[in-house]
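Enquirer: Input structure-v4.cif, format and content: mmCIF, C-alpha atoms.
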data_run
loop_
_atom_site.group_PDB
_atom_site.id
_atom_site.type_symbol
_atom_site.label_atom_id
_atom_site.label_comp_id
_atom_site.auth_asym_id
_atom_site.auth_seq_id
_atom_site.Cartn_x
_atom_site.Cartn_y
_atom_site.Cartn_z
ATOM 1 C CA MET A 1 -26.269 161.448 46.013
ATOM 2 C CA GLU A 2 -25.027 158.136 47.421
ATOM 3 C CA PHE A 3 -26.066 154.943 45.685
ATOM 4 C CA SER A 4 -28.039 153.700 48.701
ATOM 5 C CA ASN A 5 -30.016 156.972 48.868
ATOM 6 C CA LEU A 6 -30.624 156.829 45.116
ATOM 7 C CA SER A 7 -31.905 153.249 45.486
ATOM 8 C CA ILE A 8 -34.294 154.241 48.272
ATOM 9 C CA HIS A 9 -35.555 157.197 46.248
ATOM 10 C CA LEU A 10 -36.076 155.112 43.096
ATOM 11 C CA SER A 11 -37.855 152.336 45.013
ATOM 12 C CA SER A 12 -40.562 154.836 45.929
ATOM 13 C CA THR A 13 -40.597 156.537 42.506
ATOM 14 C CA PHE A 14 -40.518 153.564 40.118
ATOM 15 C CA THR A 15 -43.167 150.902 39.711
ATOM 16 C CA LYS A 16 -42.218 147.464 41.050
ATOM 17 C CA ASP A 17 -41.313 146.249 37.527
ATOM 18 C CA GLU A 18 -39.255 149.353 36.749
ATOM 19 C CA PHE A 19 -37.386 149.076 40.035
ATOM 20 C CA GLU A 20 -36.625 145.369 39.417
ATOM 21 C CA GLU A 21 -35.274 146.261 35.965
ATOM 22 C CA TRP A 22 -33.137 149.072 37.392
ATOM 23 C CA VAL A 23 -31.688 146.819 40.129
ATOM 24 C CA VAL A 24 -30.809 144.071 37.632
ATOM 25 C CA LEU A 25 -29.282 146.615 35.248
ATOM 26 C CA CYS A 26 -27.085 147.875 38.109
ATOM 27 C CA TRP A 27 -26.082 144.278 38.837
ATOM 28 C CA SER A 28 -25.216 143.738 35.165
ATOM 29 C CA ILE A 29 -23.069 146.892 35.130
ATOM 30 C CA TRP A 30 -21.352 145.752 38.347
ATOM 31 C CA LEU A 31 -20.721 142.321 36.803
ATOM 32 C CA ALA A 32 -19.230 143.927 33.664
ATOM 33 C CA ARG A 33 -17.003 146.037 35.917
ATOM 34 C CA ASN A 34 -15.803 142.896 37.711
ATOM 35 C CA HIS A 35 -15.122 141.157 34.395
ATOM 36 C CA LEU A 36 -13.038 144.157 33.366
ATOM 37 C CA ILE A 37 -11.072 144.282 36.621
ATOM 38 C CA PHE A 38 -10.575 140.552 37.212
ATOM 39 C CA CYS A 39 -10.771 138.976 33.743
ATOM 40 C CA HIS A 40 -9.604 141.933 31.650
ATOM 41 C CA THR A 41 -12.589 141.576 29.326
ATOM 42 C CA ILE A 42 -14.672 144.505 28.127
ATOM 43 C CA SER A 43 -18.434 144.132 27.837
ATOM 44 C CA GLU A 44 -20.224 146.105 25.166
ATOM 45 C CA PRO A 45 -23.018 148.345 26.523
ATOM 46 C CA HIS A 46 -25.678 146.513 24.490
ATOM 47 C CA ALA A 47 -24.486 143.185 25.982
ATOM 48 C CA ILE A 48 -24.771 144.609 29.509
ATOM 49 C CA VAL A 49 -28.346 145.720 28.834
ATOM 50 C CA ALA A 50 -29.201 142.407 27.086
ATOM 51 C CA ARG A 51 -27.858 140.397 30.041
ATOM 52 C CA ALA A 52 -30.023 142.451 32.419
ATOM 53 C CA ALA A 53 -33.119 142.063 30.221
ATOM 54 C CA ASN A 54 -32.550 138.300 29.915
ATOM 55 C CA ALA A 55 -32.133 137.949 33.679
ATOM 56 C CA VAL A 56 -35.328 139.898 34.400
ATOM 57 C CA ASN A 57 -37.315 137.975 31.762
ATOM 58 C CA SER A 58 -36.055 134.600 32.975
ATOM 59 C CA TYR A 59 -36.836 135.503 36.573
ATOM 60 C CA ARG A 60 -40.340 136.662 35.718
ATOM 61 C CA ASP A 61 -41.007 133.587 33.564
ATOM 62 C CA ASN A 62 -39.875 131.268 36.341
ATOM 63 C CA VAL A 63 -41.895 133.073 39.005
ATOM 64 C CA LEU A 64 -45.012 132.907 36.843
ATOM 65 C CA GLN A 65 -44.540 129.256 35.935
ATOM 66 C CA ARG A 66 -43.367 127.872 39.268
ATOM 67 C CA GLY A 67 -45.787 129.579 41.592
ATOM 68 C CA THR A 68 -45.090 128.127 44.991
ATOM 69 C CA ASN A 69 -42.091 125.891 45.550
ATOM 70 C CA LYS A 70 -43.173 122.247 45.752
ATOM 71 C CA SER A 71 -41.061 119.270 46.641
ATOM 72 C CA ILE A 72 -40.995 116.730 43.840
ATOM 73 C CA ASN A 73 -40.724 112.973 44.191
ATOM 74 C CA PRO A 74 -39.358 111.609 40.891
ATOM 75 C CA LYS A 75 -41.377 108.385 41.279
ATOM 76 C CA THR A 76 -44.709 110.180 41.347
ATOM 77 C CA PRO A 77 -45.288 113.152 39.063
ATOM 78 C CA SER A 78 -46.479 116.381 40.666
ATOM 79 C CA PRO A 79 -50.239 116.987 40.435
ATOM 80 C CA ASP A 80 -49.777 119.572 37.674
ATOM 81 C CA TRP A 81 -47.650 117.211 35.532
ATOM 82 C CA GLN A 82 -49.552 116.153 32.417
ATOM 83 C CA SER A 83 -48.803 112.789 30.884
ATOM 84 C CA PRO A 84 -47.961 112.645 27.191
ATOM 85 C CA PRO A 85 -50.359 110.858 24.862
ATOM 86 C CA LEU A 86 -49.501 107.309 23.788
ATOM 87 C CA PRO A 87 -46.961 106.446 22.323
ATOM 88 C CA TRP A 88 -45.089 109.624 23.311
ATOM 89 C CA TYR A 89 -42.663 110.156 26.191
ATOM 90 C CA LYS A 90 -42.085 113.350 28.140
ATOM 91 C CA VAL A 91 -38.613 114.699 28.886
ATOM 92 C CA ASN A 92 -38.658 117.143 31.809
ATOM 93 C CA ILE A 93 -35.505 119.205 32.244
ATOM 94 C CA ASN A 94 -34.295 121.775 34.710
ATOM 95 C CA ALA A 95 -31.184 123.803 35.455
ATOM 96 C CA ALA A 96 -30.188 125.240 38.816
ATOM 97 C CA VAL A 97 -27.339 127.568 39.667
ATOM 98 C CA SER A 98 -25.381 127.689 42.891
ATOM 99 C CA SER A 99 -23.537 130.997 42.805
ATOM 100 C CA LYS A 100 -22.013 130.181 46.192
ATOM 101 C CA GLU A 101 -20.256 127.134 44.743
ATOM 102 C CA ALA A 102 -19.856 128.587 41.204
ATOM 103 C CA ARG A 103 -21.569 125.608 39.625
ATOM 104 C CA ALA A 104 -24.740 124.746 37.769
ATOM 105 C CA ASP A 105 -26.630 121.460 37.875
ATOM 106 C CA ILE A 106 -28.763 120.142 35.041
ATOM 107 C CA GLY A 107 -31.347 117.404 35.481
ATOM 108 C CA MET A 108 -33.340 115.375 32.989
ATOM 109 C CA LEU A 109 -36.197 112.961 33.668
ATOM 110 C CA ILE A 110 -38.066 110.909 31.044
ATOM 111 C CA ARG A 111 -41.484 109.411 31.798
ATOM 112 C CA ASN A 112 -43.939 107.386 29.747
ATOM 113 C CA SER A 113 -47.658 108.137 29.473
ATOM 114 C CA GLN A 114 -48.319 106.295 32.765
ATOM 115 C CA GLY A 115 -45.836 108.531 34.580
ATOM 116 C CA GLU A 116 -43.246 105.763 34.978
ATOM 117 C CA VAL A 117 -39.618 106.873 34.927
ATOM 118 C CA MET A 118 -37.870 105.561 31.822
ATOM 119 C CA ALA A 119 -34.529 107.336 32.334
ATOM 120 C CA ALA A 120 -32.969 110.038 34.451
ATOM 121 C CA SER A 121 -29.677 111.845 34.320
ATOM 122 C CA ASN A 122 -27.957 114.830 35.799
ATOM 123 C CA CYS A 123 -24.702 116.639 35.244
ATOM 124 C CA ARG A 124 -22.713 119.484 36.665
ATOM 125 C CA GLU A 125 -21.654 122.436 34.532
ATOM 126 C CA ILE A 126 -19.508 125.469 35.125
ATOM 127 C CA SER A 127 -21.706 128.225 36.468
ATOM 128 C CA THR A 128 -22.843 131.025 34.205
ATOM 129 C CA ASP A 129 -24.991 134.058 34.911
ATOM 130 C CA ASN A 130 -27.153 133.245 31.889
ATOM 131 C CA ILE A 131 -29.909 130.905 33.102
ATOM 132 C CA GLU A 132 -31.411 130.776 29.598
ATOM 133 C CA PHE A 133 -28.163 129.296 28.312
ATOM 134 C CA LEU A 134 -28.304 126.632 31.040
ATOM 135 C CA GLU A 135 -31.973 125.853 30.309
ATOM 136 C CA ALA A 136 -31.154 125.526 26.592
ATOM 137 C CA LEU A 137 -28.200 123.280 27.460
ATOM 138 C CA ALA A 138 -30.518 121.153 29.612
ATOM 139 C CA ILE A 139 -32.940 120.809 26.683
ATOM 140 C CA GLN A 140 -30.092 119.752 24.399
ATOM 141 C CA LYS A 141 -28.952 117.149 26.949
ATOM 142 C CA GLY A 142 -32.553 115.952 27.417
ATOM 143 C CA ILE A 143 -32.932 115.412 23.671
ATOM 144 C CA GLN A 144 -29.641 113.504 23.642
ATOM 145 C CA LEU A 145 -30.743 111.324 26.585
ATOM 146 C CA ALA A 146 -33.971 110.449 24.759
ATOM 147 C CA LYS A 147 -31.979 109.541 21.634
ATOM 148 C CA ASP A 148 -29.463 107.519 23.671
ATOM 149 C CA ILE A 149 -32.196 105.245 25.030
ATOM 150 C CA GLY A 150 -33.876 104.947 21.632
ATOM 151 C CA LEU A 151 -36.916 107.179 22.139
ATOM 152 C CA VAL A 152 -38.093 108.872 18.972
ATOM 153 C CA LEU A 153 -41.423 110.326 20.061
ATOM 154 C CA ALA A 154 -40.626 112.730 22.871
ATOM 155 C CA ILE A 155 -42.102 115.945 24.214
ATOM 156 C CA ILE A 156 -39.466 118.176 25.791
ATOM 157 C CA GLU A 157 -40.826 120.248 28.675
ATOM 158 C CA SER A 158 -38.967 123.205 30.161
ATOM 159 C CA ASN A 159 -39.927 125.859 32.692
ATOM 160 C CA SER A 160 -38.126 128.551 30.672
ATOM 161 C CA LEU A 161 -40.716 130.105 28.403
ATOM 162 C CA ASN A 162 -38.117 132.329 26.705
ATOM 163 C CA VAL A 163 -35.985 129.344 25.674
ATOM 164 C CA VAL A 164 -39.004 127.394 24.422
ATOM 165 C CA ASN A 165 -40.154 130.424 22.431
ATOM 166 C CA LEU A 166 -36.663 130.828 20.982
ATOM 167 C CA ILE A 167 -36.634 127.168 19.929
ATOM 168 C CA ASN A 168 -40.097 127.421 18.403
ATOM 169 C CA ASN A 169 -39.161 130.681 16.621
ATOM 170 C CA LYS A 170 -41.845 132.625 18.505
ATOM 171 C CA ILE A 171 -39.332 135.283 19.547
ATOM 172 C CA HIS A 172 -36.123 136.497 17.937
ATOM 173 C CA ASN A 173 -32.901 134.724 18.670
ATOM 174 C CA ARG A 174 -30.673 136.105 21.419
ATOM 175 C CA CYS A 175 -26.984 136.090 20.631
ATOM 176 C CA GLU A 176 -25.965 134.597 24.002
ATOM 177 C CA VAL A 177 -27.816 131.339 23.332
ATOM 178 C CA GLY A 178 -28.280 131.568 19.556
ATOM 179 C CA TRP A 179 -25.804 128.852 18.557
ATOM 180 C CA LEU A 180 -27.218 126.461 21.155
ATOM 181 C CA ILE A 181 -30.801 127.170 20.039
ATOM 182 C CA SER A 182 -29.744 126.387 16.442
ATOM 183 C CA ASN A 183 -28.284 123.046 17.569
ATOM 184 C CA ILE A 184 -31.514 122.198 19.433
ATOM 185 C CA GLN A 185 -33.665 123.148 16.433
ATOM 186 C CA GLU A 186 -31.525 120.913 14.231
ATOM 187 C CA ALA A 187 -31.838 118.012 16.703
ATOM 188 C CA LEU A 188 -35.614 118.507 16.923
ATOM 189 C CA SER A 189 -36.018 118.586 13.159
ATOM 190 C CA SER A 190 -34.061 115.315 12.787
ATOM 191 C CA SER A 191 -36.267 113.541 15.337
ATOM 192 C CA LYS A 192 -39.909 113.590 16.268
ATOM 193 C CA ALA A 193 -39.386 115.496 19.491
ATOM 194 C CA LEU A 194 -41.477 118.540 20.396
ATOM 195 C CA SER A 195 -40.455 121.424 22.661
ATOM 196 C CA LYS A 196 -43.058 122.819 25.012
#
Using structure tokens, write down the structure that the file contains.

Expert:
Amino acid sequence: MEFSNLSIHLSSTFTKDEFEEWVVLCWSIWLARNHLIFCHTISEPHAIVARAANAVNSYRDNVLQRGTNKSINPKTPSPDWQSPPLPWYKVNINAAVSSKEARADIGMLIRNSQGEVMAASNCREISTDNIEFLEALAIQKGIQLAKDIGLVLAIIESNSLNVVNLINNKIHNRCEVGWLISNIQEALSSSKALSK
């Protein structure tokens, strides 16, 4: 059976969630194949499956949390933005990937309890297929930005529920981002920042 025919058959046999998981697993296998051919690196089967599971979970978390796409003006918080209590500050972070340009952009924005922008920063990173790694990197950079401008009481807000749960030890550590999560936990424990 050709792959396209198999895909059509499975799309009518599997539930929507099962079919999404199967498609992403195929993508992960294809990516591992390309790494083998072009980079001469071998991916372990469990890493291929973990990458697929992480991609599906991140996608589902972001779809659930973002809802509809809204344009955001950094001077006025979106209607669903909640201000931190006095004397806290809120650090909002985000990571975006442009696979077309093989780059990732990370943005950080710090506001006070009145919604006024206290600091903002962005940076460009080498693209990776692991969005959770980029979200964790954005959190780390957001914590550093808050420290750089002398803010001790900060709430770190991310749209990646998996990364936040990893930081708060609500789910088990994933090896792809484990070392970065450990660095963030250490930074959080040495300051009065909260991850949410």

Enquirer: Have a look at atom CA of Glu157 of chain A and atom CA of Asp80 of chain A and let me know their distance in Å, one decimal.

Expert: 12.7 Å

Enquirer: With a distance cut-off of 12 Å and all atoms listed in the file, select the neighbouring residues of Ile143 of chain A, excluding the residue or stretch itself and same-chain residues fewer than 6 positions from it, and output the selection as a PyMOL selection string.

Expert: chain A and resi 89-93+108-110+119+121+136-137+149-158+183-195

Enquirer: Figure out the distance between atom CA of Val117 of chain A and atom CA of Ala146 of chain A, please, to one decimal in Å.

Expert: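 Rounded to one decimal, the two atoms are 12.2 Å apart.
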
Enquirer: Which value, in Å to one decimal, gives the distance between atom CA of His9 of chain A and atom CA of Glu21 of chain A?

Expert: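 Separating atom CA of His9 of chain A from atom CA of Glu21 of chain A is a distance of 15.0 Å.
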
Enquirer: The PyMOL selection byres ((chain A and resi 115) around 9) - which residues does that actually catch in the file I just gave you? List them as a ChimeraX atom specification.

Expert: /A:75-77,81-84,90,110-114,116-118

Enquirer: Pick out the closest residue to Ile48 of chain A from this set: A:Asn130, A:Ser7, A:Ser28, A:Asn122. Count only C-alpha atoms.

Expert: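 Under the stated criterion, the closest residue is A:Ser28.
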
Enquirer: Within 9 Å of Arg51 of chain A, counting all atoms listed in the file, which residues qualify if same-chain residues fewer than 3 places away don't, as a PDB file with C-alpha atoms, in the frame of the given file?

Expert:
ATOM      1  CA  VAL A  24     -30.809 144.071  37.632  1.00  0.00           C
ATOM      2  CA  LEU A  25     -29.282 146.615  35.248  1.00  0.00           C
ATOM      3  CA  SER A  28     -25.216 143.738  35.165  1.00  0.00           C
ATOM      4  CA  HIS A  46     -25.678 146.513  24.490  1.00  0.00           C
ATOM      5  CA  ALA A  47     -24.486 143.185  25.982  1.00  0.00           C
ATOM      6  CA  ILE A  48     -24.771 144.609  29.509  1.00  0.00           C
ATOM      7  CA  ASN A  54     -32.550 138.300  29.915  1.00  0.00           C
ATOM      8  CA  ALA A  55     -32.133 137.949  33.679  1.00  0.00           C
ATOM      9  CA  VAL A  56     -35.328 139.898  34.400  1.00  0.00           C
ATOM     10  CA  ASP A 129     -24.991 134.058  34.911  1.00  0.00           C
ATOM     11  CA  ASN A 130     -27.153 133.245  31.889  1.00  0.00           C
ATOM     12  CA  GLU A 176     -25.965 134.597  24.002  1.00  0.00           C
TER      13      GLU A 176
END
